[in-house]
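See below for the structure under consideration.
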Protein chains: 2
Amino acid sequence: MSMTSTDSNGALPRHYLKPCLLLLLAEGPSHGYELLEQVRRMGIKGAEPGGLYRYLRAMEKEEMVSSWWEPSQAGPARRTYVLTEYGRNGLNESVQSLRDVREILVTLLDRFDTLPTKVAVSRP
Amino acid sequence: MSMTSTDSNGALPRHYLKPCLLLLLAEGPSHGYELLEQVRRMGIKGAEPGGLYRYLRAMEKEEMVSSWWEPSQAGPARRTYVLTEYGRNGLNESVQSLRDVREILVTLLDRFDTLPTKVAVSRP
DNA sequence: GCCTATAGATGTATATTGTATCTATCCGGT
DNA sequence: ACCGGATAGATACAATATACATCTATAGGC
């Protein structure tokens with residue numbers, strides 16, 4: 001643990017970045033830099049280039065995605081990624097586990113909301 | 001990354017275990033062993049004693065909780081934990097960030113559900 | 001005495017992260 | 001021609017976190 005310094009993130013990398021990238025690629029081919037912005041727009045603020053490029057390469061090693069270089073009309077060449085058949089399956093599974101997470105989350109938040117109020121001062 | 005072996009967890013420790021423990025303690029004092037079972041009952045299957053006890057100690061160092069030994073009528077003594085005032089604040093903040101996470105999750109799942117179906121075979 | 005359930009804690013190898021840093025290309029301005 | 005900024009991708013390394021196994025100890029049943 002340690003919980004030392006910046007505890008207030010919202011990054012949640014390994015559990016959200018991966019399904020998030022798979023989803024975005026299921027919506028269409030893309031490249032790292034663009035995915036980074038899309039991921040950030042989705043609200044995952046902690047997304048950072050280092051991790052993102054790593055995940056993409058790792059997913060390629062896993063054969064969830066495949067990629068190739070593509071020249072850009074303006075700027076350096078990009079590595080375009082597409083979801084593989086296997087990756088689409090991975091997305092399905094990933095999503096199923098996210099549904100489970102959502103349920104746990106909802107339960108937890110409900111329980112929080114029904115927590116008895118701190119000091120219920122009796123007002124006569 | 002690596003995503004080597006068991007990717008199919010559901011553990012989600014650092015982001016759920018902490019708020020979860022804070023919530024459970026907000027519901028009333030408890031001790032590690034019991035919290036472990038409660039956490040598991042909540043659906044967090046990956047919870048394991050090692051991590052849990054460490055989180056509790058870490059939270060105590062942070063003064064989110066405080067604890068003392070209490071003899072048990074049957075079995076070894078227990079370390080009873082209660083939420084501190086500061087811990088209650090921590091819970092509030094934790095919950096707020098979980099709400100954010102829930103929203104991202106819902107968005108993501110919605111987007112998944114509206115994904116165009118793979119191969120829409122036209123049936124004449 | 002021995003076994004099991006309860007209870008808490010620690011050691012350690014490995015995995016994951018955050019951060020900084022590096023390379024390179026294209027474009028606009030001067 | 002040269003510079004700086006935006007775009008694009010990648011990697012190295014230290015710091016953290018996690019999973020897993022292991023260890024201690026107590027009470028109760030047999």
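Chain labels follow the order of the structure tokens: the first chain is A, the next B, and so on; residue numbering restarts at 1 in every chain, and ligands are counted from 1 in their shown order.
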(request) List the neighbours of Asp113 (chain B) out to 12 Å using only C-alpha atoms (C1' of nucleotides); skip same-chain residues closer than 6 positions along the sequence, and give me the result as JSON, numbers by chain. (result) {"A": [23, 26, 27, 91, 92, 95, 96, 99], "B": [106, 107]}
(request) Please return, as number ranges by chain, all residues of chain A lying within 12 Å of chain D when only C-alpha atoms (C1' of nucleotides) are considered. (result) A: 1-5, 31-36, 49-54, 56-57, 69-80
(request) Enter the distance from CA of Met64 (chain A) to CA of Ser94 (chain A), in Å, rounded to one decimal. (result)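 For CA of Met64 (chain A) relative to CA of Ser94 (chain A), the distance reads 11.9 Å.
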(request) as number ranges by chain, list the residues of chain B assigned to alpha helix (DSSP H) by DSSP on the backbone atoms of this structure. (result) B: 18-26, 32-41, 49-61, 85-113
Report chain B as a compact mmCIF listing (two decimals) with N, CA and C atoms, in the first residue's frame in the frame of chain A, after least-squares superposition over all C-alpha atoms paired in order.
```txt
# COMPACT_ATOMS: atom_id res chain seq x y z
N MET B 1 1.06 -1.25 -0.06
CA MET B 1 0.21 -0.07 0.00
C MET B 1 1.02 1.22 0.04
N SER B 2 1.04 1.80 1.20
CA SER B 2 1.74 3.04 1.49
C SER B 2 0.84 4.26 1.33
N MET B 3 0.06 4.29 0.24
CA MET B 3 -0.86 5.41 0.07
C MET B 3 -0.17 6.75 0.31
N THR B 4 1.10 6.77 0.03
CA THR B 4 1.93 7.90 0.38
C THR B 4 1.41 9.28 -0.06
N SER B 5 1.59 9.57 -1.32
CA SER B 5 1.32 10.93 -1.75
C SER B 5 -0.02 11.09 -2.46
N THR B 6 0.02 11.21 -3.75
CA THR B 6 -1.18 11.47 -4.53
C THR B 6 -2.10 10.27 -4.56
N ASP B 7 -3.06 10.30 -3.66
CA ASP B 7 -4.01 9.20 -3.63
C ASP B 7 -5.21 9.56 -4.50
N SER B 8 -5.37 10.82 -4.73
CA SER B 8 -6.54 11.31 -5.48
C SER B 8 -6.31 11.23 -6.98
N ASN B 9 -6.23 10.00 -7.47
CA ASN B 9 -6.09 9.89 -8.92
C ASN B 9 -7.46 9.65 -9.53
N GLY B 10 -7.53 8.81 -10.47
CA GLY B 10 -8.76 8.56 -11.19
C GLY B 10 -8.30 7.80 -12.42
N ALA B 11 -7.08 7.36 -12.26
CA ALA B 11 -6.37 6.74 -13.37
C ALA B 11 -6.90 5.34 -13.68
N LEU B 12 -6.84 4.48 -12.70
CA LEU B 12 -7.36 3.13 -12.80
C LEU B 12 -6.87 2.39 -14.02
N PRO B 13 -5.60 2.40 -14.26
CA PRO B 13 -5.04 1.88 -15.51
C PRO B 13 -5.38 0.44 -15.84
N ARG B 14 -4.79 -0.48 -15.16
CA ARG B 14 -4.84 -1.84 -15.67
C ARG B 14 -6.25 -2.38 -15.85
N HIS B 15 -7.19 -1.90 -15.06
CA HIS B 15 -8.53 -2.48 -15.20
C HIS B 15 -9.43 -1.73 -16.16
N TYR B 16 -9.07 -0.51 -16.50
CA TYR B 16 -9.93 0.25 -17.40
C TYR B 16 -9.29 0.58 -18.71
N LEU B 17 -7.98 0.80 -18.66
CA LEU B 17 -7.30 1.20 -19.88
C LEU B 17 -7.44 0.11 -20.95
N LYS B 18 -7.26 -1.12 -20.55
CA LYS B 18 -7.31 -2.22 -21.50
C LYS B 18 -8.68 -2.37 -22.17
N PRO B 19 -9.75 -2.54 -21.39
CA PRO B 19 -11.06 -2.63 -22.04
C PRO B 19 -11.39 -1.38 -22.83
N CYS B 20 -10.93 -0.27 -22.33
CA CYS B 20 -11.21 0.99 -22.99
C CYS B 20 -10.58 1.03 -24.37
N LEU B 21 -9.33 0.63 -24.44
CA LEU B 21 -8.64 0.60 -25.72
C LEU B 21 -9.30 -0.40 -26.67
N LEU B 22 -9.67 -1.55 -26.12
CA LEU B 22 -10.31 -2.55 -26.96
C LEU B 22 -11.63 -2.02 -27.52
N LEU B 23 -12.38 -1.33 -26.67
CA LEU B 23 -13.65 -0.76 -27.13
C LEU B 23 -13.43 0.25 -28.24
N LEU B 24 -12.49 1.16 -27.99
CA LEU B 24 -12.22 2.21 -28.99
C LEU B 24 -11.81 1.59 -30.31
N LEU B 25 -11.02 0.53 -30.23
CA LEU B 25 -10.59 -0.12 -31.47
C LEU B 25 -11.72 -0.92 -32.11
N ALA B 26 -12.67 -1.34 -31.29
CA ALA B 26 -13.83 -2.03 -31.85
C ALA B 26 -14.69 -1.04 -32.63
N GLU B 27 -14.57 0.22 -32.25
CA GLU B 27 -15.33 1.26 -32.94
C GLU B 27 -14.65 1.66 -34.25
N GLY B 28 -13.41 1.22 -34.40
CA GLY B 28 -12.70 1.53 -35.64
C GLY B 28 -11.20 1.60 -35.41
N PRO B 29 -10.41 1.40 -36.49
CA PRO B 29 -8.96 1.44 -36.36
C PRO B 29 -8.51 2.82 -35.89
N SER B 30 -7.42 2.85 -35.23
CA SER B 30 -6.90 4.11 -34.73
C SER B 30 -5.41 3.97 -34.45
N HIS B 31 -4.81 5.04 -33.99
CA HIS B 31 -3.39 4.96 -33.62
C HIS B 31 -3.20 5.53 -32.23
N GLY B 32 -2.05 5.23 -31.63
CA GLY B 32 -1.78 5.55 -30.24
C GLY B 32 -2.10 6.96 -29.79
N TYR B 33 -1.61 7.90 -30.52
CA TYR B 33 -1.77 9.29 -30.12
C TYR B 33 -3.25 9.68 -30.04
N GLU B 34 -4.00 9.22 -31.02
CA GLU B 34 -5.42 9.51 -31.05
C GLU B 34 -6.15 8.78 -29.93
N LEU B 35 -5.78 7.54 -29.73
CA LEU B 35 -6.39 6.74 -28.66
C LEU B 35 -6.18 7.41 -27.31
N LEU B 36 -4.99 7.96 -27.15
CA LEU B 36 -4.68 8.65 -25.90
C LEU B 36 -5.67 9.77 -25.64
N GLU B 37 -5.95 10.54 -26.67
CA GLU B 37 -6.88 11.66 -26.50
C GLU B 37 -8.30 11.16 -26.28
N GLN B 38 -8.67 10.10 -26.98
CA GLN B 38 -10.01 9.55 -26.81
C GLN B 38 -10.21 9.03 -25.40
N VAL B 39 -9.19 8.32 -24.92
CA VAL B 39 -9.25 7.76 -23.58
C VAL B 39 -9.41 8.89 -22.55
N ARG B 40 -8.65 9.94 -22.75
CA ARG B 40 -8.74 11.07 -21.82
C ARG B 40 -10.11 11.72 -21.90
N ARG B 41 -10.64 11.84 -23.08
CA ARG B 41 -11.96 12.44 -23.24
C ARG B 41 -13.03 11.59 -22.55
N MET B 42 -12.76 10.29 -22.46
CA MET B 42 -13.71 9.40 -21.79
C MET B 42 -13.71 9.62 -20.27
N GLY B 43 -12.75 10.37 -19.79
CA GLY B 43 -12.72 10.67 -18.36
C GLY B 43 -11.58 10.02 -17.61
N ILE B 44 -10.81 9.19 -18.31
CA ILE B 44 -9.68 8.56 -17.66
C ILE B 44 -8.51 9.51 -17.73
N LYS B 45 -8.43 10.34 -16.69
CA LYS B 45 -7.47 11.43 -16.71
C LYS B 45 -6.04 10.96 -16.54
N GLY B 46 -5.85 9.91 -15.79
CA GLY B 46 -4.50 9.45 -15.51
C GLY B 46 -3.78 8.80 -16.67
N ALA B 47 -4.44 8.69 -17.81
CA ALA B 47 -3.80 8.05 -18.96
C ALA B 47 -2.59 8.85 -19.41
N GLU B 48 -1.50 8.16 -19.60
CA GLU B 48 -0.28 8.82 -20.02
C GLU B 48 0.35 8.04 -21.15
N PRO B 49 1.06 8.74 -22.03
CA PRO B 49 1.59 8.11 -23.24
C PRO B 49 2.39 6.84 -22.96
N GLY B 50 3.30 6.92 -22.00
CA GLY B 50 4.17 5.78 -21.72
C GLY B 50 3.39 4.49 -21.56
N GLY B 51 2.47 4.52 -20.63
CA GLY B 51 1.67 3.33 -20.35
C GLY B 51 0.84 2.91 -21.54
N LEU B 52 0.24 3.89 -22.20
CA LEU B 52 -0.65 3.58 -23.30
C LEU B 52 0.07 2.85 -24.44
N TYR B 53 1.20 3.39 -24.84
CA TYR B 53 1.94 2.74 -25.92
C TYR B 53 2.37 1.34 -25.52
N ARG B 54 2.73 1.23 -24.27
CA ARG B 54 3.14 -0.11 -23.79
C ARG B 54 1.97 -1.08 -23.80
N TYR B 55 0.80 -0.62 -23.41
CA TYR B 55 -0.37 -1.49 -23.43
C TYR B 55 -0.67 -1.95 -24.84
N LEU B 56 -0.56 -1.03 -25.77
CA LEU B 56 -0.84 -1.37 -27.16
C LEU B 56 0.11 -2.46 -27.65
N ARG B 57 1.39 -2.26 -27.34
CA ARG B 57 2.38 -3.26 -27.76
C ARG B 57 2.11 -4.59 -27.10
N ALA B 58 1.74 -4.54 -25.82
CA ALA B 58 1.48 -5.78 -25.09
C ALA B 58 0.27 -6.49 -25.69
N MET B 59 -0.74 -5.72 -26.02
CA MET B 59 -1.94 -6.32 -26.60
C MET B 59 -1.63 -6.91 -27.97
N GLU B 60 -0.69 -6.29 -28.66
CA GLU B 60 -0.31 -6.85 -29.94
C GLU B 60 0.41 -8.18 -29.75
N LYS B 61 1.27 -8.22 -28.74
CA LYS B 61 1.99 -9.47 -28.46
C LYS B 61 1.00 -10.58 -28.15
N GLU B 62 -0.08 -10.17 -27.51
CA GLU B 62 -1.14 -11.13 -27.16
C GLU B 62 -2.06 -11.43 -28.35
N GLU B 63 -1.84 -10.72 -29.42
CA GLU B 63 -2.66 -10.86 -30.63
C GLU B 63 -4.10 -10.42 -30.47
N MET B 64 -4.29 -9.47 -29.57
CA MET B 64 -5.62 -8.88 -29.41
C MET B 64 -5.81 -7.81 -30.49
N VAL B 65 -4.70 -7.23 -30.89
CA VAL B 65 -4.72 -6.20 -31.93
C VAL B 65 -3.59 -6.49 -32.90
N SER B 66 -3.68 -5.91 -34.08
CA SER B 66 -2.51 -5.95 -34.96
C SER B 66 -2.29 -4.54 -35.50
N SER B 67 -1.09 -4.30 -35.99
CA SER B 67 -0.76 -2.92 -36.36
C SER B 67 0.20 -2.86 -37.53
N TRP B 68 0.29 -1.70 -38.13
CA TRP B 68 1.26 -1.44 -39.18
C TRP B 68 1.53 0.06 -39.22
N TRP B 69 2.65 0.39 -39.83
CA TRP B 69 2.99 1.80 -39.97
C TRP B 69 2.18 2.39 -41.10
N GLU B 70 1.78 3.63 -40.89
CA GLU B 70 1.06 4.31 -41.95
C GLU B 70 1.57 5.75 -42.02
N PRO B 71 1.97 6.18 -43.18
CA PRO B 71 2.48 7.56 -43.29
C PRO B 71 1.36 8.56 -43.02
N SER B 72 1.74 9.66 -42.44
CA SER B 72 0.76 10.71 -42.16
C SER B 72 0.93 11.83 -43.18
N GLN B 73 -0.17 12.44 -43.57
CA GLN B 73 -0.07 13.56 -44.51
C GLN B 73 0.60 14.76 -43.84
N ALA B 74 0.45 14.84 -42.50
CA ALA B 74 1.08 15.93 -41.77
C ALA B 74 1.60 15.41 -40.45
N GLY B 75 2.90 15.32 -40.32
CA GLY B 75 3.50 14.82 -39.09
C GLY B 75 4.11 13.46 -39.29
N PRO B 76 4.68 12.94 -38.24
CA PRO B 76 5.38 11.65 -38.34
C PRO B 76 4.42 10.49 -38.60
N ALA B 77 4.97 9.40 -39.08
CA ALA B 77 4.16 8.22 -39.39
C ALA B 77 3.48 7.70 -38.14
N ARG B 78 2.37 7.04 -38.36
CA ARG B 78 1.60 6.50 -37.23
C ARG B 78 1.55 5.00 -37.33
N ARG B 79 1.41 4.39 -36.15
CA ARG B 79 1.18 2.96 -36.12
C ARG B 79 -0.32 2.74 -35.95
N THR B 80 -0.92 2.26 -37.00
CA THR B 80 -2.37 2.06 -36.97
C THR B 80 -2.70 0.70 -36.39
N TYR B 81 -3.64 0.71 -35.45
CA TYR B 81 -4.05 -0.54 -34.80
C TYR B 81 -5.46 -0.92 -35.20
N VAL B 82 -5.66 -2.22 -35.35
CA VAL B 82 -7.03 -2.75 -35.53
C VAL B 82 -7.22 -3.91 -34.56
N LEU B 83 -8.48 -4.11 -34.23
CA LEU B 83 -8.84 -5.20 -33.34
C LEU B 83 -8.83 -6.50 -34.13
N THR B 84 -8.29 -7.54 -33.55
CA THR B 84 -8.36 -8.85 -34.20
C THR B 84 -9.64 -9.57 -33.75
N GLU B 85 -9.89 -10.68 -34.36
CA GLU B 85 -11.03 -11.50 -33.98
C GLU B 85 -10.89 -11.90 -32.51
N TYR B 86 -9.70 -12.31 -32.19
CA TYR B 86 -9.38 -12.71 -30.82
C TYR B 86 -9.55 -11.54 -29.87
N GLY B 87 -9.19 -10.36 -30.33
CA GLY B 87 -9.31 -9.17 -29.51
C GLY B 87 -10.77 -8.83 -29.25
N ARG B 88 -11.59 -9.10 -30.26
CA ARG B 88 -13.02 -8.84 -30.09
C ARG B 88 -13.56 -9.75 -28.98
N ASN B 89 -13.10 -10.97 -28.95
CA ASN B 89 -13.48 -11.88 -27.87
C ASN B 89 -12.98 -11.38 -26.53
N GLY B 90 -11.76 -10.89 -26.54
CA GLY B 90 -11.19 -10.34 -25.33
C GLY B 90 -12.03 -9.18 -24.82
N LEU B 91 -12.50 -8.37 -25.75
CA LEU B 91 -13.35 -7.24 -25.38
C LEU B 91 -14.61 -7.75 -24.70
N ASN B 92 -15.22 -8.74 -25.32
CA ASN B 92 -16.45 -9.31 -24.75
C ASN B 92 -16.25 -9.76 -23.31
N GLU B 93 -15.16 -10.48 -23.09
CA GLU B 93 -14.88 -10.97 -21.74
C GLU B 93 -14.60 -9.81 -20.79
N SER B 94 -13.81 -8.88 -21.29
CA SER B 94 -13.46 -7.71 -20.51
C SER B 94 -14.71 -6.97 -20.06
N VAL B 95 -15.62 -6.83 -21.00
CA VAL B 95 -16.86 -6.11 -20.72
C VAL B 95 -17.69 -6.87 -19.68
N GLN B 96 -17.68 -8.18 -19.80
CA GLN B 96 -18.45 -8.95 -18.81
C GLN B 96 -17.91 -8.70 -17.41
N SER B 97 -16.60 -8.66 -17.30
CA SER B 97 -16.07 -8.44 -15.95
C SER B 97 -16.31 -7.01 -15.50
N LEU B 98 -16.38 -6.09 -16.46
CA LEU B 98 -16.71 -4.71 -16.08
C LEU B 98 -18.14 -4.60 -15.58
N ARG B 99 -19.01 -5.43 -16.15
CA ARG B 99 -20.40 -5.44 -15.67
C ARG B 99 -20.44 -5.89 -14.22
N ASP B 100 -19.64 -6.89 -13.92
CA ASP B 100 -19.55 -7.36 -12.53
C ASP B 100 -19.07 -6.24 -11.62
N VAL B 101 -18.04 -5.56 -12.10
CA VAL B 101 -17.49 -4.46 -11.32
C VAL B 101 -18.56 -3.39 -11.10
N ARG B 102 -19.29 -3.09 -12.16
CA ARG B 102 -20.33 -2.07 -12.03
C ARG B 102 -21.33 -2.46 -10.97
N GLU B 103 -21.67 -3.75 -10.95
CA GLU B 103 -22.65 -4.18 -9.97
C GLU B 103 -22.13 -4.02 -8.54
N ILE B 104 -20.89 -4.41 -8.34
CA ILE B 104 -20.28 -4.24 -7.02
C ILE B 104 -20.30 -2.76 -6.64
N LEU B 105 -19.94 -1.95 -7.61
CA LEU B 105 -19.88 -0.51 -7.40
C LEU B 105 -21.23 0.04 -7.00
N VAL B 106 -22.25 -0.38 -7.70
CA VAL B 106 -23.60 0.12 -7.43
C VAL B 106 -24.03 -0.31 -6.03
N THR B 107 -23.77 -1.56 -5.71
CA THR B 107 -24.09 -2.06 -4.37
C THR B 107 -23.40 -1.22 -3.31
N LEU B 108 -22.12 -1.02 -3.54
CA LEU B 108 -21.33 -0.27 -2.58
C LEU B 108 -21.86 1.15 -2.41
N LEU B 109 -22.16 1.79 -3.52
CA LEU B 109 -22.64 3.17 -3.45
C LEU B 109 -24.01 3.24 -2.78
N ASP B 110 -24.85 2.25 -3.07
CA ASP B 110 -26.16 2.21 -2.42
C ASP B 110 -25.99 2.07 -0.92
N ARG B 111 -25.11 1.18 -0.54
CA ARG B 111 -24.88 0.99 0.89
C ARG B 111 -24.37 2.25 1.54
N PHE B 112 -23.54 2.97 0.81
CA PHE B 112 -23.04 4.23 1.34
C PHE B 112 -24.18 5.22 1.54
N ASP B 113 -25.07 5.25 0.55
CA ASP B 113 -26.16 6.24 0.60
C ASP B 113 -27.16 5.94 1.71
N THR B 114 -27.24 4.69 2.13
CA THR B 114 -28.19 4.37 3.18
C THR B 114 -27.52 4.28 4.54
N LEU B 115 -26.28 4.74 4.59
CA LEU B 115 -25.55 4.77 5.86
C LEU B 115 -26.28 5.72 6.81
N PRO B 116 -26.46 5.30 8.05
CA PRO B 116 -27.12 6.21 8.99
C PRO B 116 -26.31 7.50 9.14
N THR B 117 -27.01 8.60 9.18
CA THR B 117 -26.35 9.91 9.29
C THR B 117 -25.58 9.98 10.60
N LYS B 118 -24.46 10.68 10.54
CA LYS B 118 -23.55 10.73 11.67
C LYS B 118 -24.22 10.96 13.02
N VAL B 119 -24.46 12.18 13.36
CA VAL B 119 -25.09 12.45 14.64
C VAL B 119 -26.44 13.10 14.40
N ALA B 120 -27.45 12.30 14.52
CA ALA B 120 -28.80 12.80 14.30
C ALA B 120 -29.24 13.57 15.55
N VAL B 121 -28.93 14.84 15.53
CA VAL B 121 -29.26 15.68 16.68
C VAL B 121 -30.78 15.82 16.79
N SER B 122 -31.30 15.43 17.91
CA SER B 122 -32.76 15.54 18.08
C SER B 122 -33.12 17.00 18.36
N ARG B 123 -33.94 17.55 17.50
CA ARG B 123 -34.31 18.97 17.63
C ARG B 123 -35.71 19.07 18.23
N PRO B 124 -35.82 19.51 19.46
CA PRO B 124 -37.14 19.53 20.10
C PRO B 124 -37.97 20.77 19.70
```
(request) Go through chain B and collect every residue that DSSP, computed from the backbone, puts in strand (DSSP E or B); the answer should be as a list in words. (result) Ser30, His31, Val65, Ser66, Ser67, Trp68, Trp69, Glu70, Arg78, Arg79, Thr80, Tyr81, Val82 and Leu83 of chain B
Based on the selection just made, write C-alpha atoms of those residues as a PDB file, in the first residue's frame.
```
ATOM      1  CA  SER B  30     -15.070  -4.686  12.994  1.00  0.00           C
ATOM      2  CA  HIS B  31     -11.886  -6.719  12.825  1.00  0.00           C
ATOM      3  CA  VAL B  65      -8.905   4.148  11.309  1.00  0.00           C
ATOM      4  CA  SER B  66      -7.791   3.331  14.803  1.00  0.00           C
ATOM      5  CA  SER B  67      -7.593  -0.033  16.490  1.00  0.00           C
ATOM      6  CA  TRP B  68      -7.006  -1.950  19.684  1.00  0.00           C
ATOM      7  CA  TRP B  69      -6.739  -5.538  20.770  1.00  0.00           C
ATOM      8  CA  GLU B  70      -9.844  -7.151  22.064  1.00  0.00           C
ATOM      9  CA  ARG B  78      -8.845  -9.644  17.569  1.00  0.00           C
ATOM     10  CA  ARG B  79      -7.744  -6.221  16.531  1.00  0.00           C
ATOM     11  CA  THR B  80     -10.879  -4.157  16.443  1.00  0.00           C
ATOM     12  CA  TYR B  81     -10.956  -1.257  14.007  1.00  0.00           C
ATOM     13  CA  VAL B  82     -13.100   1.850  14.013  1.00  0.00           C
ATOM     14  CA  LEU B  83     -13.334   4.653  11.520  1.00  0.00           C
TER      15      LEU B  83
END
```
(message) What are the residues of chain C lining chain B at 7 Å or less? Count only C-alpha atoms (C1' of nucleotides), and put the answer as a list in words.
(response)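 Going by the stated atoms only, the list reads DT6, DA7 and DT16 of chain C.
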